[in-house]
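Dumped coords_19.txt below, it's compact mmCIF, C-alpha atoms:
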# COMPACT_ATOMS: atom_id res chain seq x y z
CA MET R 562 -5.35 44.61 10.47
CA ALA R 563 -7.30 42.94 7.68
CA ILE R 564 -6.35 39.38 6.75
CA LYS R 565 -5.03 39.21 3.20
CA GLU R 566 -6.88 37.20 0.57
CA PHE R 567 -5.56 35.48 -2.54
CA PRO R 568 -7.21 33.81 -5.56
CA THR R 569 -8.39 30.34 -4.53
CA GLN R 570 -7.26 28.78 -7.81
CA GLN R 571 -3.75 30.19 -7.42
CA VAL R 572 -3.43 28.96 -3.82
CA LEU R 573 -4.68 25.49 -4.77
CA GLU R 574 -2.22 25.23 -7.68
CA LEU R 575 0.60 26.29 -5.35
CA ALA R 576 -0.55 23.66 -2.83
CA CYS R 577 -0.15 21.06 -5.57
CA ALA R 578 3.32 22.42 -6.35
CA ALA R 579 4.23 22.21 -2.64
CA GLN R 580 3.04 18.58 -2.48
CA ARG R 581 5.22 17.74 -5.50
CA THR R 582 8.20 19.62 -4.04
CA ASN R 583 8.02 17.89 -0.65
CA SER R 584 6.86 14.54 -2.10
CA ALA R 585 4.38 14.49 0.78
CA TYR R 586 2.29 16.70 3.03
CA LEU R 587 4.42 18.14 5.82
CA LYS R 588 2.49 19.65 8.71
CA GLU R 589 5.74 20.35 10.58
CA SER R 590 9.18 21.19 9.23
CA GLU R 591 11.71 18.34 8.95
CA ALA R 592 15.46 18.55 9.46
CA VAL R 593 17.51 16.90 6.71
CA TYR R 594 20.88 15.35 7.57
CA SER R 595 23.77 13.98 5.53
CA SER R 596 24.76 10.31 5.60
CA ASP R 597 27.23 11.13 8.39
CA ASN R 598 24.54 12.90 10.44
CA ILE R 599 25.50 16.49 9.67
CA TYR R 600 22.60 18.94 9.54
CA LEU R 601 22.04 20.21 5.99
CA TYR R 602 18.77 22.13 5.95
CA SER R 603 15.11 21.96 6.97
CA LYS R 604 12.26 20.99 4.69
CA GLN R 605 9.51 23.51 5.29
CA THR R 606 5.82 22.69 5.61
CA ASN R 607 3.60 22.77 2.55
CA LYS R 608 1.70 25.70 4.06
CA ILE R 609 4.90 27.72 4.55
CA LEU R 610 6.02 27.00 0.97
CA VAL R 611 2.73 28.43 -0.32
CA LEU R 612 2.80 31.41 2.06
CA CYS R 613 6.40 32.33 1.25
CA THR R 614 5.73 32.15 -2.48
CA LEU R 615 2.86 34.62 -2.21
CA GLU R 616 4.28 36.69 0.67
CA PRO R 617 8.11 36.37 0.82
CA THR R 618 8.32 38.89 3.67
CA ILE R 619 6.50 36.46 5.98
CA TRP R 620 9.80 34.53 6.38
CA THR R 621 11.58 36.00 9.43
CA ALA R 622 14.01 33.17 10.24
CA ASP R 623 17.52 32.68 8.80
CA PRO R 624 17.47 34.22 5.28
CA LYS R 625 19.77 31.44 4.09
CA GLU R 626 17.04 28.89 4.84
CA ALA R 627 14.23 30.82 3.19
CA PRO R 628 12.36 28.45 0.84
CA LEU R 629 12.57 29.08 -2.89
CA PRO R 630 9.38 30.30 -4.57
CA LEU R 631 7.23 27.48 -5.91
CA LYS R 632 6.95 27.05 -9.68
CA VAL R 633 3.55 25.78 -10.87
CA THR R 634 3.66 23.19 -13.67
CA GLU R 635 0.96 21.97 -16.05
CA GLU R 636 0.69 18.85 -13.89
CA ASP R 637 -0.01 21.02 -10.84
CA VAL R 638 -2.76 22.87 -12.69
CA ALA R 639 -4.31 19.56 -13.81
CA LEU R 640 -4.17 18.13 -10.28
CA ALA R 641 -5.80 21.27 -8.89
CA GLN R 642 -8.71 20.78 -11.27
CA GLU R 643 -9.03 17.10 -10.30
CA ILE R 644 -9.15 18.11 -6.65
CA LYS R 645 -11.89 20.69 -7.23
CA THR R 646 -13.94 18.16 -9.19
CA TYR R 647 -13.46 15.48 -6.54
CA PHE R 648 -14.56 17.65 -3.64
CA LYS R 649 -17.57 18.93 -5.57
CA ARG R 650 -18.75 15.32 -5.73
CA LEU R 651 -18.63 15.24 -1.93
CA LEU R 652 -20.84 18.32 -1.73
CA PHE R 653 -23.76 16.34 -0.27
CA ALA R 654 -21.76 15.43 2.83
CA ALA R 655 -20.88 19.09 3.28
CA ILE R 656 -24.52 20.18 3.00
CA GLU R 657 -25.51 17.57 5.54
CA GLY R 658 -22.94 19.05 7.91
CA GLU R 659 -21.67 15.64 8.94
CA ASN R 660 -18.07 16.44 8.12
CA GLU R 661 -16.69 19.72 9.46
CA PHE R 662 -13.50 19.49 7.39
CA GLN R 663 -15.48 18.81 4.19
CA THR R 664 -17.83 21.72 4.98
CA SER R 665 -14.87 24.10 5.42
CA ILE R 666 -13.20 22.86 2.23
CA ASN R 667 -16.37 23.23 0.21
CA SER R 668 -16.81 26.77 1.47
CA ILE R 669 -13.24 27.66 0.49
CA LEU R 670 -13.34 26.01 -2.94
CA SER R 671 -16.70 27.60 -3.74
CA GLY R 672 -15.24 31.08 -3.31
CA ASP R 673 -12.99 33.05 -5.64
CA MET R 674 -10.69 34.18 -2.83
CA VAL R 675 -9.20 32.44 0.20
CA LYS R 676 -7.95 34.11 3.37
CA GLN R 677 -4.33 33.70 4.36
CA ASN R 678 -5.31 32.12 7.69
CA GLN R 679 -7.13 29.35 5.77
CA PHE R 680 -4.09 28.26 3.77
CA GLY R 681 -3.64 25.24 6.04
CA TYR R 682 -6.87 23.74 4.72
CA VAL R 683 -5.81 24.19 1.10
CA ALA R 684 -2.21 23.04 1.64
CA CYS R 685 -3.34 19.58 2.77
CA LEU R 686 -5.83 19.02 -0.07
CA PRO R 687 -3.46 17.31 -2.54
CA SER R 688 -2.49 14.82 0.17
CA VAL R 689 -6.12 14.23 1.20
CA TYR R 690 -7.14 13.74 -2.45
CA VAL R 691 -4.36 11.24 -3.16
CA ARG R 692 -5.11 9.36 0.07
CA ASP R 693 -8.86 9.21 -0.57
CA LYS R 694 -8.35 8.15 -4.18
CA ALA R 695 -6.00 5.36 -3.09
CA GLN R 696 -8.31 4.19 -0.30
CA ASN R 697 -11.29 4.11 -2.67
CA LYS R 698 -9.29 2.01 -5.11
CA ILE R 699 -8.11 -0.34 -2.34
CA LYS R 700 -11.72 -0.74 -1.20
CA LYS R 701 -12.73 -1.71 -4.74
CA VAL R 702 -9.73 -4.03 -5.19
CA ALA R 703 -10.38 -5.68 -1.82
CA ARG R 704 -13.67 -7.02 -3.18
CA GLN R 705 -11.99 -8.50 -6.26
CA VAL R 706 -8.61 -9.95 -5.25
CA GLU R 707 -7.99 -13.59 -4.47
CA GLU R 708 -7.53 -14.65 -0.88
CA GLY R 709 -4.31 -16.41 0.12
CA TYR R 710 -0.67 -15.40 0.20
CA LEU R 711 2.04 -15.07 -2.43
CA ALA R 712 4.34 -17.65 -0.86
CA GLU R 713 5.46 -19.15 2.44
CA ILE R 714 7.16 -16.93 5.01
CA GLY R 715 10.88 -16.69 4.22
CA SER R 716 10.39 -17.41 0.51
CA SER R 717 12.18 -15.36 -2.15
CA LEU R 718 10.23 -13.64 -4.94
CA LYS R 719 11.66 -12.45 -8.27
CA ASP R 720 10.52 -10.63 -11.42
CA LEU R 721 6.85 -10.14 -10.58
CA ASP R 722 4.43 -7.65 -12.15
CA CYS R 723 2.93 -5.37 -9.54
CA GLU R 724 0.47 -2.50 -9.26
CA ILE R 725 1.17 0.11 -6.60
CA LEU R 726 -2.10 1.20 -5.00
CA GLU R 727 -0.81 3.43 -2.24
CA SER R 728 2.46 5.01 -1.11
CA VAL R 729 2.22 6.84 2.21
CA LYS R 730 5.06 8.33 4.22
CA SER R 731 5.48 6.41 7.45
CA LYS R 732 4.93 8.28 10.70
CA ASN R 733 7.12 5.87 12.66
CA PHE R 734 9.92 4.88 10.27
CA GLU R 735 12.09 6.43 7.59
CA GLY R 736 10.32 5.38 4.42
CA TYR R 737 6.94 4.83 2.76
CA ASN R 738 4.22 2.29 3.46
CA ILE R 739 3.38 0.61 0.17
CA SER R 740 0.13 -1.22 -0.66
CA ALA R 741 0.12 -3.22 -3.88
CA ILE R 742 -1.41 -6.02 -5.93
CA ILE R 743 0.82 -8.90 -7.04
CA ASN R 744 -0.62 -11.95 -8.81
CA ASN R 745 -4.10 -10.67 -7.92
CA ARG R 746 -3.25 -10.82 -4.20
CA MET R 747 -2.64 -7.98 -1.77
CA ALA R 748 0.89 -7.20 -0.62
CA SER R 749 2.58 -4.49 1.44
CA TRP R 750 6.03 -3.36 2.51
CA LEU R 751 8.05 -0.42 3.83
CA ASN R 752 10.04 1.21 1.02
CA LYS R 753 12.95 3.61 1.49
CA THR R 754 11.70 5.88 -1.28
CA ASN R 755 8.32 6.99 -2.55
CA LEU R 756 6.83 4.94 -5.41
CA ASN R 757 4.48 6.18 -8.11
CA LEU R 758 1.00 4.69 -8.23
CA GLY R 759 0.56 2.24 -11.06
CA ALA R 760 2.72 -0.34 -12.80
CA CYS R 761 5.86 -1.65 -11.11
CA ILE R 762 8.21 -4.64 -11.26
CA ILE R 763 9.27 -6.45 -8.12
CA VAL R 764 12.83 -7.32 -9.07
CA LYS R 765 13.29 -9.26 -5.86
CA ALA R 766 11.80 -9.50 -2.38
CA LYS R 767 11.33 -11.83 0.57
CA VAL R 768 8.12 -12.81 2.31
CA LYS R 769 8.32 -11.39 5.81
CA ASP R 770 4.91 -12.26 7.21
CA HIS R 771 1.29 -13.23 6.52
CA THR R 772 -1.21 -10.71 7.84
CA LYS R 773 -4.65 -9.16 7.26
CA HIS R 774 -5.56 -5.78 5.85
CA TRP R 775 -6.28 -3.48 8.80
CA LYS R 776 -9.58 -2.26 7.30
CA HIS R 777 -10.85 -4.81 4.79
CA GLN R 778 -9.47 -7.98 6.44
CA ASN R 779 -8.10 -9.41 3.18
CA ASP R 780 -5.06 -11.66 3.30
CA VAL R 781 -1.92 -9.51 2.85
CA THR R 782 1.60 -10.76 2.16
CA ARG R 783 4.06 -8.56 4.03
CA LEU R 784 7.37 -8.22 2.19
CA ASN R 785 10.87 -6.99 3.05
CA TYR R 786 14.20 -6.57 1.22
CA VAL R 787 12.18 -5.29 -1.72
CA LYS R 788 13.85 -4.04 -4.87
CA ALA R 789 11.22 -2.40 -7.08
CA ALA R 790 11.58 -0.84 -10.53
CA GLN R 791 9.31 1.62 -12.29

Go ahead and render the structure in this file as structure tokens.
Amino acid sequence: MAIKEFPTQQVLELACAAQRTNSAYLKESEAVYSSDNIYLYSKQTNKILVLCTLEPTIWTADPKEAPLPLKVTEEDVALAQEIKTYFKRLLFAAIEGENEFQTSINSILSGDMVKQNQFGYVACLPSVYVRDKAQNKIKKVARQVEEGYLAEIGSSLKDLDCEILESVKSKNFEGYNISAIINNRMASWLNKTNLNLGACIIVKAKVKDHTKHWKHQNDVTRLNYVKAAQ
């Protein structure tokens, strides 16, 4: 039986819609529970959301839990174009064959159609793009920020301007790992909810620890009890 193909642009736009719907890239489904630990429903993977939108009959589990079809917004279309432009810039690495993932992605994005069994590659692209963009910005910022810490461990902070550089769902805890710049110094904390990249106000926080950036070795002020406003 021939593997079905779909327009690459459509699949990529749906991948962006899935990323927005899940607020992250989910490789495996996640059970969602109420505050009193009662099972409510399962969040489906980004790949499944795309598949079920294009091929509803692929869902064979409980019909009541079938994911709703994705709705593509103008923002999704714009993000899809940004992603295509970004990966075209990495074309040299793909030609060199040094990066198998990049080579596969370039092959997919260069074609008009994508096979259904390649949806996993496309589904993760919004997450990869956001991650790479954030890491590139952090690399640039790491060369410009001041060394030193915001305050002594245990100190309270209030009403500080902040720029969120990265917000990544934690693999080990319930929440998001935040990287930010405050007073031209690097800071980080675990936040209960996802934060948008860009401007933010630290309403209040406490200095939990003084540490170093895992990759760039800059001084990083680790915060907790953070209340942030955007």

**Message:** Here is a test: counting all atoms listed in the file, which residue of R:Arg650, R:Lys645, R:Lys625, R:Lys608 is nearest to R:Gln570?
**Reply:** R:Lys645

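Comparing the minimum interatomic distances between R:Gln580 and each of R:Asp780, R:Glu566, R:Asp693, R:Glu636, counting all atoms listed in the file, we find that R:Glu636 sits nearest.
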
**Item:** Non-local contacts of R:Lys753 (9 Å; all atoms listed in the file; under 4 positions in same chain excluded) as a ChimeraX atom specification
**Value:** /R:735-737

Which polymer residues, protein or nucleic acid, are no farther than 12 Å from (-5.6, -7.6, 5.9), counting all atoms listed in the file, as a compact mmCIF listing (two decimals) with C-alpha atoms, in the frame of the given file?
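Here's the written file part.txt:
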# COMPACT_ATOMS: atom_id res chain seq x y z
CA ILE R 699 -8.11 -0.34 -2.34
CA LYS R 700 -11.72 -0.74 -1.20
CA ALA R 703 -10.38 -5.68 -1.82
CA VAL R 706 -8.61 -9.95 -5.25
CA GLU R 708 -7.53 -14.65 -0.88
CA GLY R 709 -4.31 -16.41 0.12
CA TYR R 710 -0.67 -15.40 0.20
CA SER R 740 0.13 -1.22 -0.66
CA ARG R 746 -3.25 -10.82 -4.20
CA MET R 747 -2.64 -7.98 -1.77
CA ALA R 748 0.89 -7.20 -0.62
CA SER R 749 2.58 -4.49 1.44
CA ASP R 770 4.91 -12.26 7.21
CA HIS R 771 1.29 -13.23 6.52
CA THR R 772 -1.21 -10.71 7.84
CA LYS R 773 -4.65 -9.16 7.26
CA HIS R 774 -5.56 -5.78 5.85
CA TRP R 775 -6.28 -3.48 8.80
CA LYS R 776 -9.58 -2.26 7.30
CA HIS R 777 -10.85 -4.81 4.79
CA GLN R 778 -9.47 -7.98 6.44
CA ASN R 779 -8.10 -9.41 3.18
CA ASP R 780 -5.06 -11.66 3.30
CA VAL R 781 -1.92 -9.51 2.85
CA THR R 782 1.60 -10.76 2.16
CA ARG R 783 4.06 -8.56 4.03

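Atom CA of R:Lys769 lies 15.1 Å from atom CA of R:Ala741.
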
**Message:** Neighbouring residues of R:Val572 were defined as those with any atom within 10 Å, considering all atoms listed in the file; residues of the same chain fewer than 5 positions away were excluded. Please report them as an NGL selection string.
**Reply:** :R and (566-567 or 577-578 or 608 or 611-612 or 614-615 or 641 or 674-677 or 680 or 683-684)

Selected residues written out with C-alpha atoms, as an mmCIF file, in the coordinates of the input:
data_model
loop_
_atom_site.group_PDB
_atom_site.id
_atom_site.type_symbol
_atom_site.label_atom_id
_atom_site.label_comp_id
_atom_site.auth_asym_id
_atom_site.auth_seq_id
_atom_site.Cartn_x
_atom_site.Cartn_y
_atom_site.Cartn_z
ATOM 1 C CA GLU R 566 -6.880 37.200 0.570
ATOM 2 C CA PHE R 567 -5.560 35.480 -2.540
ATOM 3 C CA CYS R 577 -0.150 21.060 -5.570
ATOM 4 C CA ALA R 578 3.320 22.420 -6.350
ATOM 5 C CA LYS R 608 1.700 25.700 4.060
ATOM 6 C CA VAL R 611 2.730 28.430 -0.320
ATOM 7 C CA LEU R 612 2.800 31.410 2.060
ATOM 8 C CA THR R 614 5.730 32.150 -2.480
ATOM 9 C CA LEU R 615 2.860 34.620 -2.210
ATOM 10 C CA ALA R 641 -5.800 21.270 -8.890
ATOM 11 C CA MET R 674 -10.690 34.180 -2.830
ATOM 12 C CA VAL R 675 -9.200 32.440 0.200
ATOM 13 C CA LYS R 676 -7.950 34.110 3.370
ATOM 14 C CA GLN R 677 -4.330 33.700 4.360
ATOM 15 C CA PHE R 680 -4.090 28.260 3.770
ATOM 16 C CA VAL R 683 -5.810 24.190 1.100
ATOM 17 C CA ALA R 684 -2.210 23.040 1.640
#

**Request:** Compare R:Ile564, R:Leu575, R:Cys613, R:Ala592 by their minimum atom-to-atom distance to R:Ala639, counting all atoms listed in the file, and give me the closest one.
**Result:**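 Of R:Ile564, R:Leu575, R:Cys613, R:Ala592, the one nearest R:Ala639, counting all atoms listed in the file, is R:Leu575.
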
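Straight-line separation from atom CA of R:Pro687 to atom CA of R:Ala790: 24.9 Å.
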
**Prompt:** Separation of atom CA of R:Ala766 and atom CA of R:Phe734, in Å?
**Reply:**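 Result for atom CA of R:Ala766 versus atom CA of R:Phe734: 19.2 Å, one decimal.
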
**Request:** Could you tell me which of R:Cys761, R:Leu640, R:Val633, R:Ile666 comes closest to R:Val691 if we count all atoms listed in the file?
**Result:**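 Smallest separation from R:Val691 among the options: R:Leu640.
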
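Closest approach to R:Phe648 among R:Tyr682, R:Trp620, R:Tyr602, R:Tyr690: R:Tyr690, based on all atoms listed in the file.
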
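Minimum distance to R:Leu784 across R:Leu686, R:Ile619, R:Leu711, R:Ala563 (counting all atoms listed in the file) occurs at R:Leu711.
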
**All residues 12 Å or closer to R:Thr754, only C-alpha atoms, same chain fewer than 2 positions away omitted, as a list of chain:residue names** = R:Ser584, R:Ala585, R:Ser728, R:Val729, R:Lys730, R:Ser731, R:Phe734, R:Glu735, R:Gly736, R:Tyr737, R:Asn738, R:Ile739, R:Trp750, R:Leu751, R:Asn752, R:Leu756, R:Asn757, R:Val787, R:Lys788, R:Ala789, R:Ala790

**Message:** So that I can see what lies close to R:Thr606, please list as a ChimeraX atom specification the residues with an atom at most 6 Å from it, counting only C-alpha atoms and leaving out residues fewer than 5 positions away in the same chain.
**Reply:** /R:587-590

**Request:** Find the residues near stretch 717-719 of chain R: any atom within 6 Å, counting all atoms listed in the file, skip ones fewer than 6 places away on the same chain, and give them as a PyMOL selection string.
**Result:** chain R and resi 764-767
